[in-house]
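Asker: Before we start, here is the structure in question, set down as structure tokens.
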Amino acid sequence: MNKWTLVAVWVLSVTGIARAEEGFEQHDGHAHGRAQLDLVMEGSSLLMQLHSPALNLVGFEHPARTRDEREQVMRAVAGLQQTEQMVQIAAVAGCRQQGVEVEQGLLATVAPGQAENDHDHDHDHDHDHDHDHDHEHEHEHEHGEGEGEAVQSAAVMHHADVDVSYEFHCTAPEKLDKIGLGFFARFPGIQALDVRLITPDAQRAFTLDSHHTDIGLR
Ligand SMILES: [Zn+2]
């Protein structure tokens, strides 16, 4: 069984409770300024998954179009991948990082018409010959209405999330009494972090902020 299945099942069971207790407005789990962190300790495994609106981490939520925007996304991804800064674990617990995975959609696709505005034809060259590209160009000009629809649908898809998974193997997990988080310092866009954790000792949900950045495990 995938370890994250356990997180998903548990999160589904407590999400209703957590939301009822929260006094803020939330739209399907996507609230700018807030992020979620799910933590599961089982045996020697420590799994943590951050789920955040892209706005908190990158500063925008549309597909990256310009070089600056692409660099902003890459900088955010690189920051999240600096595990020892994002997740601070006392050496006594003997935890070794097994992997970190960042999932984001801002660099994945270029919507129709955007490459043209960007004056950057890298993406077209990837799969089109120049000749084909010219035809595509004409086609877009001939069908201006279609282009407008594409822009409109991009606006509807304004919101985007980023998921980050951290996995550790710990030789002495019982000695782990807290975990420090570096997300607030690196990403000021995260103002509140809703933490849900499962350990052999506890199942709890609580909220951290820039003044309370440690997860207590005892
Ligand atoms: Zn959003």
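Labels for the structure tokens follow display order: chains A, B, ..., residues from 1 in each chain, ligands from 1.
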Could you list, as a list in words, every residue within 6 Å of range 45-53 of chain A, counting only C-alpha atoms and ignoring same-chain residues fewer than 2 positions away?
Answerer: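 Result of the neighbour search: Ala35, Gln36, Leu37, Asp38, Leu39, Val40, Met41, Glu42, Gly43, Leu55, Asn56, Ala160, Asp161, Val162, Asp163, Val164, Ser165, Tyr166, Glu167, Phe168 and His169 of chain A.
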Asker: Keeping only N, CA and C atoms, take the residues you just selected and write them out as a JSON list (two decimals), in the first residue's frame.
Answerer:
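Output contents, as saved in part.json:
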```json
[["chain", "number", "residue", "atom", "x", "y", "z"],
["A", 35, "ALA", "N", -1.63, 27.26, 4.20],
["A", 35, "ALA", "CA", -1.13, 26.02, 3.60],
["A", 35, "ALA", "C", -1.40, 24.89, 4.57],
["A", 36, "GLN", "N", -1.29, 23.67, 4.07],
["A", 36, "GLN", "CA", -1.52, 22.49, 4.91],
["A", 36, "GLN", "C", -0.27, 21.63, 4.94],
["A", 37, "LEU", "N", -0.05, 21.03, 6.09],
["A", 37, "LEU", "CA", 1.06, 20.08, 6.21],
["A", 37, "LEU", "C", 0.54, 18.82, 6.89],
["A", 38, "ASP", "N", 0.68, 17.70, 6.21],
["A", 38, "ASP", "CA", 0.29, 16.41, 6.79],
["A", 38, "ASP", "C", 1.54, 15.64, 7.13],
["A", 39, "LEU", "N", 1.56, 15.09, 8.34],
["A", 39, "LEU", "CA", 2.73, 14.38, 8.83],
["A", 39, "LEU", "C", 2.30, 13.01, 9.35],
["A", 40, "VAL", "N", 3.03, 11.99, 8.91],
["A", 40, "VAL", "CA", 2.76, 10.64, 9.40],
["A", 40, "VAL", "C", 4.07, 10.01, 9.85],
["A", 41, "MET", "N", 4.10, 9.55, 11.10],
["A", 41, "MET", "CA", 5.23, 8.76, 11.59],
["A", 41, "MET", "C", 4.74, 7.34, 11.81],
["A", 42, "GLU", "N", 5.45, 6.39, 11.19],
["A", 42, "GLU", "CA", 5.05, 4.99, 11.35],
["A", 42, "GLU", "C", 6.32, 4.16, 11.31],
["A", 43, "GLY", "N", 6.61, 3.47, 12.41],
["A", 43, "GLY", "CA", 7.86, 2.72, 12.46],
["A", 43, "GLY", "C", 9.03, 3.67, 12.32],
["A", 55, "LEU", "N", 0.39, 30.76, -5.00],
["A", 55, "LEU", "CA", 0.58, 32.20, -4.71],
["A", 55, "LEU", "C", 1.50, 32.38, -3.50],
["A", 56, "ASN", "N", 1.32, 31.55, -2.47],
["A", 56, "ASN", "CA", 2.12, 31.68, -1.24],
["A", 56, "ASN", "C", 3.61, 31.44, -1.50],
["A", 160, "ALA", "N", -3.92, 27.72, -8.56],
["A", 160, "ALA", "CA", -3.02, 26.58, -8.72],
["A", 160, "ALA", "C", -2.39, 26.26, -7.38],
["A", 161, "ASP", "N", -2.11, 24.98, -7.18],
["A", 161, "ASP", "CA", -1.51, 24.52, -5.93],
["A", 161, "ASP", "C", -0.14, 23.90, -6.18],
["A", 162, "VAL", "N", 0.63, 23.85, -5.11],
["A", 162, "VAL", "CA", 1.93, 23.17, -5.15],
["A", 162, "VAL", "C", 1.93, 22.11, -4.05],
["A", 163, "ASP", "N", 2.38, 20.91, -4.39],
["A", 163, "ASP", "CA", 2.50, 19.83, -3.41],
["A", 163, "ASP", "C", 3.96, 19.44, -3.26],
["A", 164, "VAL", "N", 4.39, 19.29, -2.02],
["A", 164, "VAL", "CA", 5.76, 18.86, -1.76],
["A", 164, "VAL", "C", 5.74, 17.70, -0.78],
["A", 165, "SER", "N", 6.45, 16.62, -1.13],
["A", 165, "SER", "CA", 6.53, 15.46, -0.24],
["A", 165, "SER", "C", 7.96, 15.29, 0.25],
["A", 166, "TYR", "N", 8.11, 15.16, 1.56],
["A", 166, "TYR", "CA", 9.41, 14.89, 2.17],
["A", 166, "TYR", "C", 9.33, 13.52, 2.84],
["A", 167, "GLU", "N", 10.36, 12.70, 2.62],
["A", 167, "GLU", "CA", 10.35, 11.37, 3.24],
["A", 167, "GLU", "C", 11.68, 11.15, 3.96],
["A", 168, "PHE", "N", 11.59, 10.65, 5.20],
["A", 168, "PHE", "CA", 12.78, 10.39, 6.00],
["A", 168, "PHE", "C", 12.72, 8.98, 6.56],
["A", 169, "HIS", "N", 13.91, 8.45, 6.81],
["A", 169, "HIS", "CA", 14.04, 7.19, 7.55],
["A", 169, "HIS", "C", 14.80, 7.51, 8.83]]
```
Asker: Within 12 Å of ligand 1 (counting only C-alpha atoms and all ligand atoms), which residues show up? I'd like them as a PyMOL selection string.
Answerer: chain A and resi 26-35+52-62+155-162+189
Asker: Please identify all polymer residues within 10 Å of Phe206 in chain A, counting only C-alpha atoms, omitting same-chain residues fewer than 5 positions from it, and present them as a ChimeraX atom specification.
Answerer: /A:18,193-197,215
Asker: From a DSSP pass on the backbone, collect the residues of range 169-210 of chain A flagged as strand (DSSP E or B) and hand them back as a list in words.
Answerer: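 Strand (DSSP E or B) assignments inside range 169-210 of chain A correspond to His169, Cys170, Lys178, Ile179, Gly180, Leu181, Ala192, Leu193, Asp194, Val195, Arg196, Leu197, Ile198, Gln203, Arg204, Ala205, Phe206, Thr207, Leu208 and Asp209 of chain A.
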Asker: Can you list, as a list in words, every protein, DNA or RNA residue that comes within 9 Å of Lys175 in chain A when you count only C-alpha atoms, leaving out same-chain residues fewer than 4 positions away?
Answerer: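 Result of the neighbour search: Ala90, Val92, Ala93 and Gly94 of chain A.
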Asker: Write out the residues from the selection above, keeping C-alpha atoms, as a PDB file, in the first residue's frame.
Answerer:
```pdb
ATOM      1  CA  ALA A  90      17.410  16.984  15.723  1.00  0.00           C
ATOM      2  CA  VAL A  92      19.614  12.488  17.858  1.00  0.00           C
ATOM      3  CA  ALA A  93      16.666  10.926  16.010  1.00  0.00           C
ATOM      4  CA  GLY A  94      18.988   9.646  13.289  1.00  0.00           C
TER       5      GLY A  94
END
```
Asker: Can you tell me how far CA of Gln104 in chain A sits from CA of Ile198 in chain A, in Å to one decimal?
Answerer: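 Going from CA of Gln104 in chain A over to CA of Ile198 in chain A covers 25.5 Å.
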Asker: Pick out the residues sitting within 8 Å of range 73-89 of chain A, and hand them over as a ChimeraX atom specification; count only C-alpha atoms, and ignore anything fewer than 4 positions along from it in its own chain.
Answerer: /A:57-58,64,69,93,95,97,100-102,106-107,164,166,176,178-183,186
Asker: With only C-alpha atoms as the atoms that count, which of A:Asp68, A:Pro200, A:Ile190, A:Asp177 lies nearest to Gly216 in chain A?
Answerer: A:Asp177
Asker: If I take CA of Ala172 in chain A and CA of Thr213 in chain A, how far is one from the other in Å, to one decimal?
Answerer: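 Distance between the two atoms: 22.6 Å.
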Asker: Could you give me the residues within range 50-88 of chain A that DSSP places in helix (DSSP H, G or I), as a PyMOL selection string?
Answerer: chain A and resi 54-58+67-80+83-86
Asker: Export C-alpha atoms of the chosen residues as an mmCIF file, in the first residue's frame?
Answerer:
```cif
data_model
loop_
_atom_site.group_PDB
_atom_site.id
_atom_site.type_symbol
_atom_site.label_atom_id
_atom_site.label_comp_id
_atom_site.auth_asym_id
_atom_site.auth_seq_id
_atom_site.Cartn_x
_atom_site.Cartn_y
_atom_site.Cartn_z
ATOM 1 C CA ALA A 54 1.113 28.510 -5.534
ATOM 2 C CA LEU A 55 0.582 32.196 -4.709
ATOM 3 C CA ASN A 56 2.124 31.676 -1.242
ATOM 4 C CA LEU A 57 5.296 30.161 -2.695
ATOM 5 C CA VAL A 58 5.738 31.637 -6.163
ATOM 6 C CA ARG A 67 11.679 34.320 -18.186
ATOM 7 C CA ASP A 68 11.272 36.133 -14.838
ATOM 8 C CA GLU A 69 8.202 34.093 -14.001
ATOM 9 C CA ARG A 70 9.914 30.846 -14.926
ATOM 10 C CA GLU A 71 12.841 31.788 -12.704
ATOM 11 C CA GLN A 72 10.477 32.625 -9.842
ATOM 12 C CA VAL A 73 8.976 29.138 -10.070
ATOM 13 C CA MET A 74 12.395 27.473 -10.265
ATOM 14 C CA ARG A 75 13.640 29.464 -7.258
ATOM 15 C CA ALA A 76 10.601 28.407 -5.214
ATOM 16 C CA VAL A 77 11.086 24.751 -6.197
ATOM 17 C CA ALA A 78 14.796 24.927 -5.323
ATOM 18 C CA GLY A 79 13.918 26.471 -1.930
ATOM 19 C CA LEU A 80 11.401 23.738 -1.162
ATOM 20 C CA THR A 83 15.105 19.862 2.938
ATOM 21 C CA GLU A 84 17.497 20.521 5.806
ATOM 22 C CA GLN A 85 16.276 24.136 5.919
ATOM 23 C CA MET A 86 12.570 23.457 5.406
#
```
